[in-house]
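Reviewing the structure listed below.
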Amino acid sequence: AGRYGANLVNGLMQKIEGGEGDQPFKITYNAFDGENTIGVKTELEVDVIIGADGANSRVAKTMGAGEYDYAIAFQERITLSDEKMKYYEDLAEMYVGDDVSPDFYGWVFPKYDHVAVGTGTVVNKTAIKQYQTAIRDRSSEKCSGGKIIRVEAHPIPEHPRPKRVSGRIALVGDAAGYVTKCSGEGIYFAAKSGRMCAEAIVAQSEGGKRMVDEGDLSVYLDEWDKKYWLTYKVLDILQKLFYRSNPAREAFVELCDDYYVQKMTFDSYLYKTVVPGNPLDDAKLLVKTVGSIVRSNALRKEASVV
């Protein structure tokens, strides 16, 4: 962004004032020079604000964007020996079960020179360390001898905020709640929403010739919802169907063994949208899905009786 002319500021936003009519906003923030830990109070005037400041967005609170349900994600970054890293050279692991999460999944994701081992939950956030211990136990053989180099915990939005545009303020990324259910992905959608919002501002302002208003920023929301609403809805349904119990997760794993499911999943993930499939194969998949769900419900009843 800096190479293309953006003025980069290292700071922590404190408050936003003004913005009535065509008047500029006054942002008060603590500026940091990278050397001192105490910031210097600084003010900046701007015409439009794009809040891209994460799940705990101060911009969202300022504009009264409303709250959302969130998951807590916890992970440990672990260095492994070259021999053990080789195992993760071409794969990542996903673990399911009530032991690692009652409503999400655990993971081992390879990074450049280490792995990230973690889990997440919405319904039982206070037990997150218990679930983290479980995913460490489940992956212990492959990650034995590793050294923890960083521990991270983050909130993950479960749905978009009630309000994402107000006046000349718009939210994007985690601040807007753009994280998909089922997979928990948010990085692509953060970058994409930021780009779409910026493009809408440039187009509606006619390249900076006129001031934009809430209606102009809403163009970005309309385009976003039109492009991605179905993707979020389908993943929401999948999470509610298959992450609710161990038998349901077994049904999910069973379905994932199907080549057509793998192809559709890969294509949808690659293109970040629900790709159209073959009608005949879709019908077969529907039958398999219903069969797997019925079987999972039967297994859950048997388990509850035992």
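Chain labels A, B, ... are given in the sequence in which chains occur in the structure tokens; within each chain residues are numbered consecutively from 1, and ligands are likewise numbered from 1 in the order shown.
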
(request) Within 9 Å of Arg58 (chain A), counting only C-alpha atoms, which residues show up once you throw out same-chain ones fewer than 5 positions away? Write them as an MDAnalysis selection string, please. (result) chainID A and resid 13:15 51 53 63 175

(request) Give me the residues within 12 Å of Tyr112 (chain A) as an NGL selection string, counting only C-alpha atoms and dropping any in the same chain fewer than 2 places off. (result) :A and (77-80 or 82 or 85-86 or 88-90 or 109-110 or 114-116)

Could you dump the residues just selected with N, CA, C and O atoms as a compact mmCIF listing (two decimals), in the first residue's frame?
```txt
# COMPACT_ATOMS: atom_id res chain seq x y z
N ARG A 77 2.11 -22.43 18.28
CA ARG A 77 3.05 -22.62 17.17
C ARG A 77 4.23 -23.43 17.70
O ARG A 77 4.84 -23.04 18.71
N ILE A 78 4.52 -24.54 17.03
CA ILE A 78 5.49 -25.50 17.55
C ILE A 78 6.53 -25.82 16.49
O ILE A 78 6.18 -26.17 15.35
N THR A 79 7.79 -25.70 16.85
CA THR A 79 8.86 -26.12 15.94
C THR A 79 9.07 -27.62 16.10
O THR A 79 9.08 -28.15 17.20
N LEU A 80 9.27 -28.30 14.97
CA LEU A 80 9.50 -29.74 14.96
C LEU A 80 10.83 -30.03 14.28
O LEU A 80 11.39 -29.18 13.58
N ASP A 82 13.29 -31.64 11.48
CA ASP A 82 13.13 -31.72 10.03
C ASP A 82 12.42 -33.01 9.62
O ASP A 82 11.61 -33.02 8.68
N MET A 85 8.73 -32.55 10.39
CA MET A 85 8.14 -31.55 9.49
C MET A 85 7.90 -32.14 8.11
O MET A 85 6.99 -31.71 7.39
N LYS A 86 8.70 -33.11 7.74
CA LYS A 86 8.55 -33.73 6.42
C LYS A 86 7.18 -34.39 6.29
O LYS A 86 6.60 -34.44 5.20
N TYR A 88 4.42 -33.27 7.32
CA TYR A 88 3.43 -32.24 7.00
C TYR A 88 3.78 -31.46 5.73
O TYR A 88 3.23 -30.39 5.49
N GLU A 89 4.70 -32.01 4.96
CA GLU A 89 5.15 -31.31 3.76
C GLU A 89 4.01 -31.08 2.77
O GLU A 89 3.94 -30.02 2.13
N ASP A 90 3.11 -32.05 2.64
CA ASP A 90 2.04 -31.95 1.64
C ASP A 90 0.65 -32.12 2.25
O ASP A 90 -0.30 -32.46 1.54
N PHE A 109 -1.80 -27.25 11.29
CA PHE A 109 -1.54 -26.59 10.01
C PHE A 109 -0.04 -26.34 9.87
O PHE A 109 0.56 -25.69 10.74
N PRO A 110 0.59 -26.85 8.83
CA PRO A 110 2.02 -26.59 8.64
C PRO A 110 2.26 -25.16 8.18
O PRO A 110 1.53 -24.62 7.36
N HIS A 114 7.43 -24.46 10.95
CA HIS A 114 6.82 -24.97 12.17
C HIS A 114 5.37 -25.37 11.88
O HIS A 114 4.91 -25.25 10.74
N VAL A 115 4.67 -25.85 12.88
CA VAL A 115 3.25 -26.17 12.72
C VAL A 115 2.44 -25.36 13.72
O VAL A 115 2.93 -24.97 14.78
N ALA A 116 1.18 -25.10 13.38
CA ALA A 116 0.24 -24.46 14.29
C ALA A 116 -0.76 -25.52 14.73
O ALA A 116 -1.43 -26.14 13.89
```

(request) Would you list, as JSON, numbers by chain, the residues of region 44-285 of chain A that end up in strand (DSSP E) under DSSP run on this structure's backbone? (result) {"A": [44, 45, 46, 49, 50, 51, 70, 71, 72, 73, 74, 75, 76, 77, 78, 79, 93, 94, 95, 106, 107, 108, 109, 110, 115, 116, 117, 118, 119, 120, 121, 147, 148, 149, 150, 151, 152, 153, 154, 155, 156, 157, 165, 166, 169, 170, 171]}

Please produce a file of the residues just selected, as a compact mmCIF listing (two decimals), in the first residue's frame, where the atoms kept are N, CA and C atoms.
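Saved the output as out-v2.txt:
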```
# COMPACT_ATOMS: atom_id res chain seq x y z
N LEU A 44 -5.90 13.30 13.15
CA LEU A 44 -5.89 13.17 11.68
C LEU A 44 -7.30 13.41 11.17
N GLU A 45 -7.44 14.22 10.12
CA GLU A 45 -8.75 14.46 9.51
C GLU A 45 -8.88 13.65 8.22
N VAL A 46 -10.01 12.98 8.07
CA VAL A 46 -10.26 12.16 6.88
C VAL A 46 -11.72 12.32 6.46
N ILE A 49 -13.95 6.55 6.42
CA ILE A 49 -13.25 5.60 7.28
C ILE A 49 -13.65 4.18 6.91
N ILE A 50 -12.66 3.33 6.67
CA ILE A 50 -12.88 1.89 6.49
C ILE A 50 -12.31 1.19 7.72
N GLY A 51 -13.18 0.62 8.52
CA GLY A 51 -12.75 -0.07 9.72
C GLY A 51 -12.29 -1.49 9.40
N TYR A 70 -19.30 -15.02 18.79
CA TYR A 70 -17.94 -15.28 18.33
C TYR A 70 -17.43 -16.58 18.94
N ALA A 71 -16.52 -17.19 18.22
CA ALA A 71 -15.80 -18.35 18.72
C ALA A 71 -14.47 -17.87 19.28
N ILE A 72 -13.90 -18.66 20.16
CA ILE A 72 -12.54 -18.37 20.62
C ILE A 72 -11.63 -19.42 20.00
N ALA A 73 -10.59 -18.97 19.34
CA ALA A 73 -9.62 -19.88 18.73
C ALA A 73 -8.31 -19.79 19.51
N PHE A 74 -7.74 -20.94 19.77
CA PHE A 74 -6.51 -21.02 20.56
C PHE A 74 -5.54 -21.91 19.80
N GLN A 75 -4.31 -21.46 19.64
CA GLN A 75 -3.34 -22.32 18.97
C GLN A 75 -1.93 -22.06 19.49
N GLU A 76 -1.11 -23.10 19.35
CA GLU A 76 0.30 -23.03 19.73
C GLU A 76 1.15 -23.27 18.48
N ARG A 77 2.11 -22.43 18.28
CA ARG A 77 3.05 -22.62 17.17
C ARG A 77 4.23 -23.43 17.70
N ILE A 78 4.52 -24.54 17.03
CA ILE A 78 5.49 -25.50 17.55
C ILE A 78 6.53 -25.82 16.49
N THR A 79 7.79 -25.70 16.85
CA THR A 79 8.86 -26.12 15.94
C THR A 79 9.07 -27.62 16.10
N GLU A 93 -3.81 -31.31 8.92
CA GLU A 93 -4.70 -32.24 9.60
C GLU A 93 -5.86 -31.52 10.28
N MET A 94 -7.03 -32.16 10.23
CA MET A 94 -8.23 -31.66 10.88
C MET A 94 -8.74 -32.77 11.79
N TYR A 95 -8.96 -32.45 13.06
CA TYR A 95 -9.43 -33.42 14.04
C TYR A 95 -10.84 -33.02 14.50
N GLY A 106 -10.36 -29.34 15.62
CA GLY A 106 -8.98 -29.07 15.96
C GLY A 106 -8.12 -29.19 14.72
N TRP A 107 -6.92 -28.62 14.74
CA TRP A 107 -6.12 -28.62 13.53
C TRP A 107 -4.63 -28.70 13.82
N VAL A 108 -3.92 -29.19 12.82
CA VAL A 108 -2.46 -29.06 12.75
C VAL A 108 -2.18 -28.52 11.36
N PHE A 109 -1.80 -27.25 11.29
CA PHE A 109 -1.54 -26.59 10.01
C PHE A 109 -0.04 -26.34 9.87
N PRO A 110 0.59 -26.85 8.83
CA PRO A 110 2.02 -26.59 8.64
C PRO A 110 2.26 -25.16 8.18
N VAL A 115 4.67 -25.85 12.88
CA VAL A 115 3.25 -26.17 12.72
C VAL A 115 2.44 -25.36 13.72
N ALA A 116 1.18 -25.10 13.38
CA ALA A 116 0.24 -24.46 14.29
C ALA A 116 -0.76 -25.52 14.73
N VAL A 117 -0.84 -25.75 16.02
CA VAL A 117 -1.74 -26.76 16.58
C VAL A 117 -2.79 -26.04 17.42
N GLY A 118 -4.06 -26.19 17.06
CA GLY A 118 -5.06 -25.43 17.79
C GLY A 118 -6.46 -25.98 17.67
N THR A 119 -7.40 -25.25 18.26
CA THR A 119 -8.81 -25.62 18.24
C THR A 119 -9.64 -24.37 18.49
N GLY A 120 -10.97 -24.52 18.45
CA GLY A 120 -11.86 -23.39 18.69
C GLY A 120 -13.22 -23.86 19.15
N THR A 121 -13.98 -22.96 19.75
CA THR A 121 -15.34 -23.28 20.19
C THR A 121 -16.15 -22.02 20.38
N LYS A 147 8.94 -27.80 20.21
CA LYS A 147 9.09 -26.70 21.15
C LYS A 147 8.08 -25.61 20.81
N ILE A 148 7.30 -25.22 21.82
CA ILE A 148 6.31 -24.16 21.63
C ILE A 148 7.04 -22.81 21.53
N ILE A 149 6.83 -22.11 20.43
CA ILE A 149 7.50 -20.82 20.24
C ILE A 149 6.54 -19.64 20.37
N ARG A 150 5.24 -19.92 20.31
CA ARG A 150 4.27 -18.83 20.46
C ARG A 150 2.90 -19.43 20.79
N VAL A 151 2.16 -18.73 21.67
CA VAL A 151 0.80 -19.12 22.02
C VAL A 151 -0.13 -17.98 21.60
N GLU A 152 -1.20 -18.31 20.89
CA GLU A 152 -2.10 -17.28 20.35
C GLU A 152 -3.55 -17.62 20.67
N ALA A 153 -4.34 -16.60 20.93
CA ALA A 153 -5.78 -16.76 21.13
C ALA A 153 -6.49 -15.58 20.48
N HIS A 154 -7.53 -15.86 19.72
CA HIS A 154 -8.24 -14.80 19.00
C HIS A 154 -9.74 -15.07 18.98
N PRO A 155 -10.56 -14.02 19.02
CA PRO A 155 -11.99 -14.20 18.77
C PRO A 155 -12.23 -14.35 17.27
N ILE A 156 -13.18 -15.21 16.91
CA ILE A 156 -13.54 -15.41 15.51
C ILE A 156 -15.03 -15.11 15.35
N PRO A 157 -15.40 -14.08 14.59
CA PRO A 157 -16.82 -13.75 14.40
C PRO A 157 -17.60 -14.92 13.81
N VAL A 165 -22.33 -0.49 7.63
CA VAL A 165 -22.11 0.85 7.05
C VAL A 165 -22.94 1.84 7.83
N SER A 166 -22.34 2.96 8.18
CA SER A 166 -23.06 4.04 8.86
C SER A 166 -22.45 5.36 8.43
N ILE A 169 -18.73 5.68 7.21
CA ILE A 169 -17.88 4.66 7.84
C ILE A 169 -18.35 3.29 7.38
N ALA A 170 -17.42 2.46 6.95
CA ALA A 170 -17.73 1.09 6.52
C ALA A 170 -16.80 0.11 7.22
N LEU A 171 -17.29 -1.09 7.45
CA LEU A 171 -16.49 -2.14 8.08
C LEU A 171 -16.15 -3.22 7.07
```

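Across A:Ser140, A:Glu254, A:Gln204, A:Ser183, the tightest approach to Gly291 (chain A) is made by A:Glu254 when counting only C-alpha atoms.
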
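Within 8 Å of region 223-228 of chain A there are A:Ser193, A:Met196, A:Val219, A:Tyr220, A:Leu221, A:Leu230, A:Thr231, A:Tyr232, A:Thr273, counting only C-alpha atoms and ignoring same-chain residues fewer than 2 positions away.
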
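CA of Val172 (chain A) is positioned 20.1 Å from CA of Met211 (chain A).
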
(message) When you look at region 65-68 of chain A with a cut-off of 9 Å (counting only C-alpha atoms), what residues show up, excluding the ones that are within fewer than 6 positions of it in the same chain? I need them as a ChimeraX atom specification.
(response) /A:59,157-166,171,176-177

The selected residues should be written to file as a PDB file, in the first residue's frame (atoms: N, CA, C and O atoms).
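Everything below was put into result07.pdb:
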```pdb
ATOM      1  N   VAL A  59     -13.588   0.871  15.707  1.00  0.00           N
ATOM      2  CA  VAL A  59     -14.400   1.609  14.736  1.00  0.00           C
ATOM      3  C   VAL A  59     -15.845   1.127  14.793  1.00  0.00           C
ATOM      4  O   VAL A  59     -16.792   1.912  14.775  1.00  0.00           O
ATOM      5  N   PRO A 157     -15.402 -14.081  14.588  1.00  0.00           N
ATOM      6  CA  PRO A 157     -16.819 -13.750  14.403  1.00  0.00           C
ATOM      7  C   PRO A 157     -17.596 -14.918  13.814  1.00  0.00           C
ATOM      8  O   PRO A 157     -17.104 -15.639  12.946  1.00  0.00           O
ATOM      9  N   GLU A 158     -18.840 -15.086  14.278  1.00  0.00           N
ATOM     10  CA  GLU A 158     -19.697 -16.163  13.796  1.00  0.00           C
ATOM     11  C   GLU A 158     -20.692 -15.714  12.735  1.00  0.00           C
ATOM     12  O   GLU A 158     -21.310 -16.526  12.076  1.00  0.00           O
ATOM     13  N   HIS A 159     -20.863 -14.420  12.582  1.00  0.00           N
ATOM     14  CA  HIS A 159     -21.784 -13.897  11.566  1.00  0.00           C
ATOM     15  C   HIS A 159     -21.514 -12.401  11.396  1.00  0.00           C
ATOM     16  O   HIS A 159     -20.904 -11.781  12.278  1.00  0.00           O
ATOM     17  N   PRO A 160     -21.949 -11.799  10.293  1.00  0.00           N
ATOM     18  CA  PRO A 160     -21.720 -10.359  10.097  1.00  0.00           C
ATOM     19  C   PRO A 160     -22.417  -9.527  11.173  1.00  0.00           C
ATOM     20  O   PRO A 160     -23.428  -9.926  11.744  1.00  0.00           O
ATOM     21  N   ARG A 161     -21.853  -8.369  11.450  1.00  0.00           N
ATOM     22  CA  ARG A 161     -22.474  -7.450  12.409  1.00  0.00           C
ATOM     23  C   ARG A 161     -23.816  -6.952  11.870  1.00  0.00           C
ATOM     24  O   ARG A 161     -24.014  -6.881  10.651  1.00  0.00           O
ATOM     25  N   PRO A 162     -24.725  -6.558  12.767  1.00  0.00           N
ATOM     26  CA  PRO A 162     -26.022  -6.029  12.324  1.00  0.00           C
ATOM     27  C   PRO A 162     -25.895  -4.813  11.417  1.00  0.00           C
ATOM     28  O   PRO A 162     -26.694  -4.607  10.510  1.00  0.00           O
ATOM     29  N   LYS A 163     -24.881  -3.982  11.666  1.00  0.00           N
ATOM     30  CA  LYS A 163     -24.664  -2.780  10.844  1.00  0.00           C
ATOM     31  C   LYS A 163     -23.219  -2.767  10.369  1.00  0.00           C
ATOM     32  O   LYS A 163     -22.292  -2.852  11.172  1.00  0.00           O
ATOM     33  N   ARG A 164     -23.025  -2.660   9.054  1.00  0.00           N
ATOM     34  CA  ARG A 164     -21.667  -2.651   8.511  1.00  0.00           C
ATOM     35  C   ARG A 164     -21.316  -1.332   7.822  1.00  0.00           C
ATOM     36  O   ARG A 164     -20.177  -1.100   7.478  1.00  0.00           O
ATOM     37  N   VAL A 165     -22.327  -0.486   7.625  1.00  0.00           N
ATOM     38  CA  VAL A 165     -22.108   0.845   7.050  1.00  0.00           C
ATOM     39  C   VAL A 165     -22.943   1.840   7.829  1.00  0.00           C
ATOM     40  O   VAL A 165     -24.114   1.591   8.133  1.00  0.00           O
ATOM     41  N   SER A 166     -22.336   2.958   8.182  1.00  0.00           N
ATOM     42  CA  SER A 166     -23.057   4.036   8.857  1.00  0.00           C
ATOM     43  C   SER A 166     -22.446   5.356   8.434  1.00  0.00           C
ATOM     44  O   SER A 166     -21.268   5.611   8.699  1.00  0.00           O
ATOM     45  N   LEU A 171     -17.290  -1.092   7.455  1.00  0.00           N
ATOM     46  CA  LEU A 171     -16.492  -2.142   8.079  1.00  0.00           C
ATOM     47  C   LEU A 171     -16.153  -3.221   7.066  1.00  0.00           C
ATOM     48  O   LEU A 171     -16.960  -3.538   6.182  1.00  0.00           O
ATOM     49  N   ALA A 176     -16.179  -6.538  10.287  1.00  0.00           N
ATOM     50  CA  ALA A 176     -17.543  -6.663   9.762  1.00  0.00           C
ATOM     51  C   ALA A 176     -18.161  -8.014  10.088  1.00  0.00           C
ATOM     52  O   ALA A 176     -19.376  -8.190   9.981  1.00  0.00           O
ATOM     53  N   GLY A 177     -17.313  -8.989  10.474  1.00  0.00           N
ATOM     54  CA  GLY A 177     -17.814 -10.330  10.777  1.00  0.00           C
ATOM     55  C   GLY A 177     -17.701 -11.296   9.624  1.00  0.00           C
ATOM     56  O   GLY A 177     -18.438 -12.285   9.558  1.00  0.00           O
TER      57      GLY A 177
END
```

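When CA of Val253 (chain A) is paired with CA of Asp113 (chain A), their separation reads 28.9 Å.
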
(request) List every residue of region 146-229 of chain A that DSSP, applied to the backbone, labels as alpha helix (DSSP H), and write the result as a PyMOL selection string. (result) chain A and resi 173-176+187-204+214-229

Residue subset to file, keeping N, CA, C and O atoms, as a compact mmCIF listing (two decimals), in the first residue's frame:
```txt
# COMPACT_ATOMS: atom_id res chain seq x y z
N GLY A 173 -13.63 -7.14 6.63
CA GLY A 173 -12.90 -8.20 7.32
C GLY A 173 -13.54 -8.65 8.62
O GLY A 173 -14.77 -8.68 8.75
N ASP A 174 -12.71 -9.01 9.59
CA ASP A 174 -13.22 -9.47 10.88
C ASP A 174 -14.05 -8.40 11.57
O ASP A 174 -14.97 -8.71 12.34
N ALA A 175 -13.73 -7.14 11.36
CA ALA A 175 -14.50 -6.06 11.97
C ALA A 175 -15.96 -6.10 11.53
O ALA A 175 -16.87 -5.77 12.29
N ALA A 176 -16.18 -6.54 10.29
CA ALA A 176 -17.54 -6.66 9.76
C ALA A 176 -18.16 -8.01 10.09
O ALA A 176 -19.38 -8.19 9.98
N ILE A 187 -9.11 -14.78 6.19
CA ILE A 187 -8.06 -13.94 5.59
C ILE A 187 -8.42 -13.50 4.16
O ILE A 187 -8.31 -12.32 3.83
N TYR A 188 -8.87 -14.45 3.35
CA TYR A 188 -9.23 -14.09 1.97
C TYR A 188 -10.35 -13.05 1.98
O TYR A 188 -10.29 -12.04 1.26
N PHE A 189 -11.37 -13.30 2.80
CA PHE A 189 -12.54 -12.42 2.80
C PHE A 189 -12.22 -11.05 3.40
O PHE A 189 -12.86 -10.06 3.06
N ALA A 190 -11.23 -11.00 4.26
CA ALA A 190 -10.79 -9.70 4.78
C ALA A 190 -10.16 -8.87 3.66
O ALA A 190 -10.50 -7.70 3.47
N ALA A 191 -9.26 -9.49 2.92
CA ALA A 191 -8.60 -8.78 1.82
C ALA A 191 -9.59 -8.41 0.72
O ALA A 191 -9.57 -7.30 0.18
N LYS A 192 -10.48 -9.35 0.40
CA LYS A 192 -11.44 -9.13 -0.69
C LYS A 192 -12.43 -8.03 -0.32
O LYS A 192 -12.73 -7.16 -1.16
N SER A 193 -12.94 -8.03 0.90
CA SER A 193 -13.91 -7.01 1.29
C SER A 193 -13.26 -5.63 1.33
O SER A 193 -13.88 -4.64 0.95
N GLY A 194 -11.99 -5.56 1.77
CA GLY A 194 -11.28 -4.29 1.77
C GLY A 194 -11.13 -3.74 0.36
O GLY A 194 -11.34 -2.54 0.12
N ARG A 195 -10.81 -4.64 -0.56
CA ARG A 195 -10.65 -4.21 -1.95
C ARG A 195 -11.98 -3.75 -2.55
O ARG A 195 -12.06 -2.70 -3.21
N MET A 196 -13.05 -4.53 -2.29
CA MET A 196 -14.36 -4.18 -2.85
C MET A 196 -14.87 -2.86 -2.29
O MET A 196 -15.46 -2.05 -3.00
N CYS A 197 -14.62 -2.63 -0.99
CA CYS A 197 -15.05 -1.37 -0.38
C CYS A 197 -14.29 -0.19 -0.98
O CYS A 197 -14.88 0.85 -1.32
N ALA A 198 -12.98 -0.34 -1.12
CA ALA A 198 -12.17 0.74 -1.70
C ALA A 198 -12.57 1.03 -3.14
O ALA A 198 -12.66 2.19 -3.55
N GLU A 199 -12.81 -0.03 -3.91
CA GLU A 199 -13.22 0.16 -5.31
C GLU A 199 -14.56 0.87 -5.40
O GLU A 199 -14.77 1.72 -6.28
N ALA A 200 -15.49 0.55 -4.47
CA ALA A 200 -16.78 1.22 -4.48
C ALA A 200 -16.63 2.71 -4.16
O ALA A 200 -17.29 3.56 -4.78
N ILE A 201 -15.75 3.02 -3.22
CA ILE A 201 -15.53 4.42 -2.85
C ILE A 201 -14.94 5.20 -4.04
O ILE A 201 -15.39 6.32 -4.35
N VAL A 202 -13.97 4.61 -4.71
CA VAL A 202 -13.36 5.27 -5.86
C VAL A 202 -14.39 5.49 -6.97
O VAL A 202 -14.47 6.58 -7.56
N ALA A 203 -15.20 4.46 -7.23
CA ALA A 203 -16.19 4.57 -8.31
C ALA A 203 -17.29 5.57 -7.96
O ALA A 203 -17.65 6.43 -8.79
N GLN A 204 -17.83 5.48 -6.75
CA GLN A 204 -18.95 6.35 -6.37
C GLN A 204 -18.52 7.80 -6.16
O GLN A 204 -19.33 8.71 -6.34
N GLU A 214 -23.65 7.49 2.77
CA GLU A 214 -23.97 6.13 3.18
C GLU A 214 -24.51 5.31 2.02
O GLU A 214 -24.23 4.12 1.90
N GLY A 215 -25.30 5.93 1.15
CA GLY A 215 -25.83 5.23 0.00
C GLY A 215 -24.73 4.73 -0.92
O GLY A 215 -24.81 3.63 -1.47
N ASP A 216 -23.69 5.54 -1.07
CA ASP A 216 -22.56 5.14 -1.93
C ASP A 216 -21.81 3.95 -1.32
O ASP A 216 -21.43 3.01 -2.02
N LEU A 217 -21.59 3.99 0.00
CA LEU A 217 -20.88 2.88 0.65
C LEU A 217 -21.73 1.61 0.66
O LEU A 217 -21.19 0.50 0.67
N SER A 218 -23.05 1.78 0.63
CA SER A 218 -23.94 0.62 0.62
C SER A 218 -23.83 -0.17 -0.69
O SER A 218 -24.20 -1.34 -0.74
N VAL A 219 -23.31 0.47 -1.72
CA VAL A 219 -23.07 -0.23 -2.98
C VAL A 219 -22.10 -1.40 -2.75
O VAL A 219 -22.27 -2.49 -3.30
N TYR A 220 -21.10 -1.13 -1.92
CA TYR A 220 -20.14 -2.20 -1.58
C TYR A 220 -20.84 -3.35 -0.86
O TYR A 220 -20.59 -4.53 -1.17
N LEU A 221 -21.73 -3.05 0.07
CA LEU A 221 -22.46 -4.10 0.80
C LEU A 221 -23.34 -4.91 -0.13
O LEU A 221 -23.42 -6.14 -0.04
N ASP A 222 -24.03 -4.23 -1.04
CA ASP A 222 -24.90 -4.93 -1.99
C ASP A 222 -24.10 -5.90 -2.85
O ASP A 222 -24.52 -7.04 -3.07
N GLU A 223 -22.96 -5.45 -3.32
CA GLU A 223 -22.11 -6.30 -4.15
C GLU A 223 -21.56 -7.48 -3.34
O GLU A 223 -21.49 -8.60 -3.82
N TRP A 224 -21.17 -7.21 -2.10
CA TRP A 224 -20.63 -8.25 -1.24
C TRP A 224 -21.66 -9.34 -0.97
O TRP A 224 -21.40 -10.53 -1.11
N ASP A 225 -22.85 -8.91 -0.54
CA ASP A 225 -23.90 -9.87 -0.21
C ASP A 225 -24.34 -10.66 -1.43
O ASP A 225 -24.62 -11.87 -1.34
N LYS A 226 -24.38 -10.00 -2.57
CA LYS A 226 -24.75 -10.69 -3.80
C LYS A 226 -23.74 -11.76 -4.17
O LYS A 226 -24.09 -12.86 -4.62
N LYS A 227 -22.47 -11.49 -3.91
CA LYS A 227 -21.40 -12.39 -4.32
C LYS A 227 -21.19 -13.53 -3.32
O LYS A 227 -20.90 -14.67 -3.72
N TYR A 228 -21.36 -13.25 -2.02
CA TYR A 228 -20.93 -14.23 -1.01
C TYR A 228 -22.02 -14.71 -0.05
O TYR A 228 -21.74 -15.60 0.78
N TRP A 229 -23.22 -14.16 -0.12
CA TRP A 229 -24.26 -14.57 0.84
C TRP A 229 -24.49 -16.07 0.80
O TRP A 229 -24.58 -16.72 1.85
```
